[in-house]
Amino acid sequence: MRHIKNNTTDPSERKTGQETAGGRSSITSTHLDIACFIVLIISLAIAIGLRVQVLQMDKNMTGLNGKIQNMSETLEKTRRNLRAICTALRNCSESLCPSGWKVHNHHCYRLSMESKEWNSAKLQCESLNSHLIIINTEQEQNFINKSVENNLGTYWIGLTDRETEGNWKWVDGTPVSFTRWEQGEPNNVNGNENCTIIRINGWNDASCTDRLSFICEKRALPSVEAADIEKYCS
């Protein structure tokens, strides 16, 4: 009779196998939980990082918008200043002297009809950013002669010897290089004629306390061609 081998497994062995399978399953589950937790942490970190970046971008955009606004205001201010400069330049190209002044050889002249002592006339011219007229050339003298012809009278000019008798100087301190004295002048009548007048016949010395009209002079504005202005202002 053949011996039949019992293939039945020992219950204790089956139990050990089950416990091993169960242990493996438990370890796998733990690993999954840890992995999920790590993924969650990473996701939160990413989300927080993105949020911080968004907030920083919003802050940067706010700052950028402010800078753009400031630049726009500065640009508009620059445009207004440019328009003002262009207007002034256009006026310069149209008139080299203020209203009421005559232009000659890059100088402006004003014949005042007010009557003042010489020193008061000097101060009045200075208040107009000018000085009592200084005549240096025959050409300038001829221009003044024509002006005086149209406005007959006697006018103070910026020539005096108040500091030293006979040492005539212009109001800017320069010595005299050109004169047009009338015949017999200057003669210092009564010893007190230390200031100079001009009239149609020429120059004459007179008392500085006489009240007379006067002529002011200043440099004209630089001439600017209209075409050159429009290159930058059109």
# chains A, B, ... in the order shown; residues from 1 in each chain; ligands from 1

call {"tool": "select_by_dssp", "arguments": {"residues": "stretch 20-126 of chain A", "states": "strand (DSSP E or B)", "output": "list of chain:residue names"}}
result
A:Lys102, A:Val103, A:His104, A:His107, A:Cys108, A:Tyr109, A:Arg110, A:Leu111, A:Ser112, A:Met113, A:Glu114, A:Ser115, A:Lys116

call {"tool": "residues_around", "arguments": {"residues": "stretch 200-208 of chain A", "least_positions_apart": "4", "cutoff": "10 Å", "atoms": "only C-alpha atoms", "output": "ChimeraX atom specification"}}
result
/A:116-120,141,144-149,151-157,159-162,179-196,212

call {"tool": "select_by_dssp", "arguments": {"residues": "stretch 23-155 of chain A", "states": "helix (DSSP H, G or I)", "output": "ChimeraX atom specification"}}
result
/A:23-94,118-127,138-150

call {"tool": "write_last_selection", "arguments": {"atoms": "C-alpha atoms", "output": "short mmCIF file (atom, residue, chain, number, x, y, z; two decimals), in the first residue's frame"}}
result
data_model
loop_
_atom_site.label_atom_id
_atom_site.label_comp_id
_atom_site.auth_asym_id
_atom_site.auth_seq_id
_atom_site.Cartn_x
_atom_site.Cartn_y
_atom_site.Cartn_z
CA GLY A 23 3.02 43.47 8.15
CA ARG A 24 4.01 44.28 4.62
CA SER A 25 0.61 45.80 3.95
CA SER A 26 0.89 47.97 7.06
CA ILE A 27 4.36 49.23 6.10
CA THR A 28 3.16 50.10 2.58
CA SER A 29 0.22 52.03 4.00
CA THR A 30 2.55 53.97 6.30
CA HIS A 31 4.80 54.85 3.40
CA LEU A 32 1.84 56.12 1.41
CA ASP A 33 0.71 58.27 4.32
CA ILE A 34 4.18 59.75 4.65
CA ALA A 35 4.37 60.35 0.90
CA CYS A 36 0.98 62.06 0.91
CA PHE A 37 2.02 64.21 3.85
CA ILE A 38 5.22 65.21 2.08
CA VAL A 39 3.28 66.04 -1.10
CA LEU A 40 0.86 68.13 0.99
CA ILE A 41 3.72 70.01 2.64
CA ILE A 42 5.35 70.63 -0.74
CA SER A 43 2.04 71.79 -2.21
CA LEU A 44 1.48 74.17 0.70
CA ALA A 45 5.01 75.48 0.34
CA ILE A 46 4.50 76.04 -3.37
CA ALA A 47 1.14 77.72 -2.74
CA ILE A 48 2.64 79.99 -0.08
CA GLY A 49 5.59 80.81 -2.34
CA LEU A 50 3.27 81.67 -5.21
CA ARG A 51 1.16 83.83 -2.92
CA VAL A 52 4.22 85.70 -1.70
CA GLN A 53 5.33 86.23 -5.28
CA VAL A 54 1.89 87.51 -6.24
CA LEU A 55 1.90 89.94 -3.30
CA GLN A 56 5.41 91.10 -4.20
CA MET A 57 4.36 91.56 -7.81
CA ASP A 58 1.35 93.60 -6.67
CA LYS A 59 3.67 95.73 -4.55
CA ASN A 60 6.08 96.15 -7.44
CA MET A 61 3.24 97.06 -9.79
CA THR A 62 1.99 99.66 -7.33
CA GLY A 63 5.48 101.16 -7.11
CA LEU A 64 5.84 101.02 -10.89
CA ASN A 65 2.51 102.74 -11.41
CA GLY A 66 3.63 105.46 -9.01
CA LYS A 67 6.88 105.93 -10.92
CA ILE A 68 4.99 106.05 -14.23
CA GLN A 69 2.67 108.70 -12.78
CA ASN A 70 5.63 110.76 -11.59
CA MET A 71 7.29 110.44 -14.98
CA SER A 72 4.09 111.54 -16.70
CA GLU A 73 3.82 114.59 -14.45
CA THR A 74 7.48 115.45 -15.03
CA LEU A 75 7.04 115.06 -18.78
CA GLU A 76 3.99 117.32 -18.79
CA LYS A 77 5.86 119.93 -16.73
CA THR A 78 8.76 119.75 -19.18
CA ARG A 79 6.37 120.24 -22.08
CA ARG A 80 4.85 123.31 -20.40
CA ASN A 81 8.30 124.76 -19.79
CA LEU A 82 9.28 124.07 -23.40
CA ARG A 83 6.14 125.82 -24.67
CA ALA A 84 6.96 128.84 -22.47
CA ILE A 85 10.55 128.90 -23.75
CA CYS A 86 9.37 128.65 -27.35
CA THR A 87 6.94 131.51 -26.81
CA ALA A 88 9.72 133.64 -25.34
CA LEU A 89 12.03 132.78 -28.24
CA ARG A 90 9.33 133.70 -30.76
CA ASN A 91 8.91 137.03 -29.03
CA CYS A 92 12.68 137.53 -29.17
CA SER A 93 12.68 136.93 -32.91
CA GLU A 94 9.94 139.53 -33.34
CA TRP A 118 21.10 163.79 -13.34
CA ASN A 119 21.51 161.37 -10.42
CA SER A 120 17.77 160.59 -10.31
CA ALA A 121 17.81 159.97 -14.06
CA LYS A 122 20.75 157.60 -13.57
CA LEU A 123 18.84 155.64 -10.93
CA GLN A 124 15.71 155.55 -13.10
CA CYS A 125 17.64 153.98 -15.97
CA GLU A 126 19.19 151.43 -13.62
CA SER A 127 15.71 150.47 -12.38
CA GLU A 138 30.01 158.63 -34.71
CA GLN A 139 27.41 156.16 -35.94
CA GLU A 140 25.74 156.01 -32.54
CA GLN A 141 25.84 159.82 -32.27
CA ASN A 142 24.10 160.15 -35.65
CA PHE A 143 21.39 157.72 -34.53
CA ILE A 144 20.78 159.80 -31.37
CA ASN A 145 20.72 163.01 -33.40
CA LYS A 146 17.88 161.66 -35.53
CA SER A 147 16.00 160.57 -32.41
CA VAL A 148 16.46 164.01 -30.83
CA GLU A 149 15.31 165.71 -34.05
CA ASN A 150 11.98 163.92 -33.72
#

call {"tool": "atom_distance", "arguments": {"atom1": "atom CA of A:Ser130", "atom2": "atom CA of A:Gly166"}}
result
25.7 Å

call {"tool": "residues_around", "arguments": {"residues": "A:Pro98", "least_positions_apart": "4", "cutoff": "12 Å", "atoms": "only C-alpha atoms", "output": "MDAnalysis selection string"}}
result
chainID A and resid 91:92 94 102:103 107:110 128:130 217:221

call {"tool": "atom_distance", "arguments": {"atom1": "atom CA of A:Cys97", "atom2": "atom CA of A:Ile215"}}
result
14.7 Å

call {"tool": "closest_residue", "arguments": {"among": "A:Gly100, A:Asp172, A:Asn105, A:Thr209", "to": "A:Pro222", "atoms": "only C-alpha atoms"}}
result
A:Asn105

call {"tool": "atom_distance", "arguments": {"atom1": "atom CA of A:Gly158", "atom2": "atom CA of A:Leu132"}}
result
4.5 Å
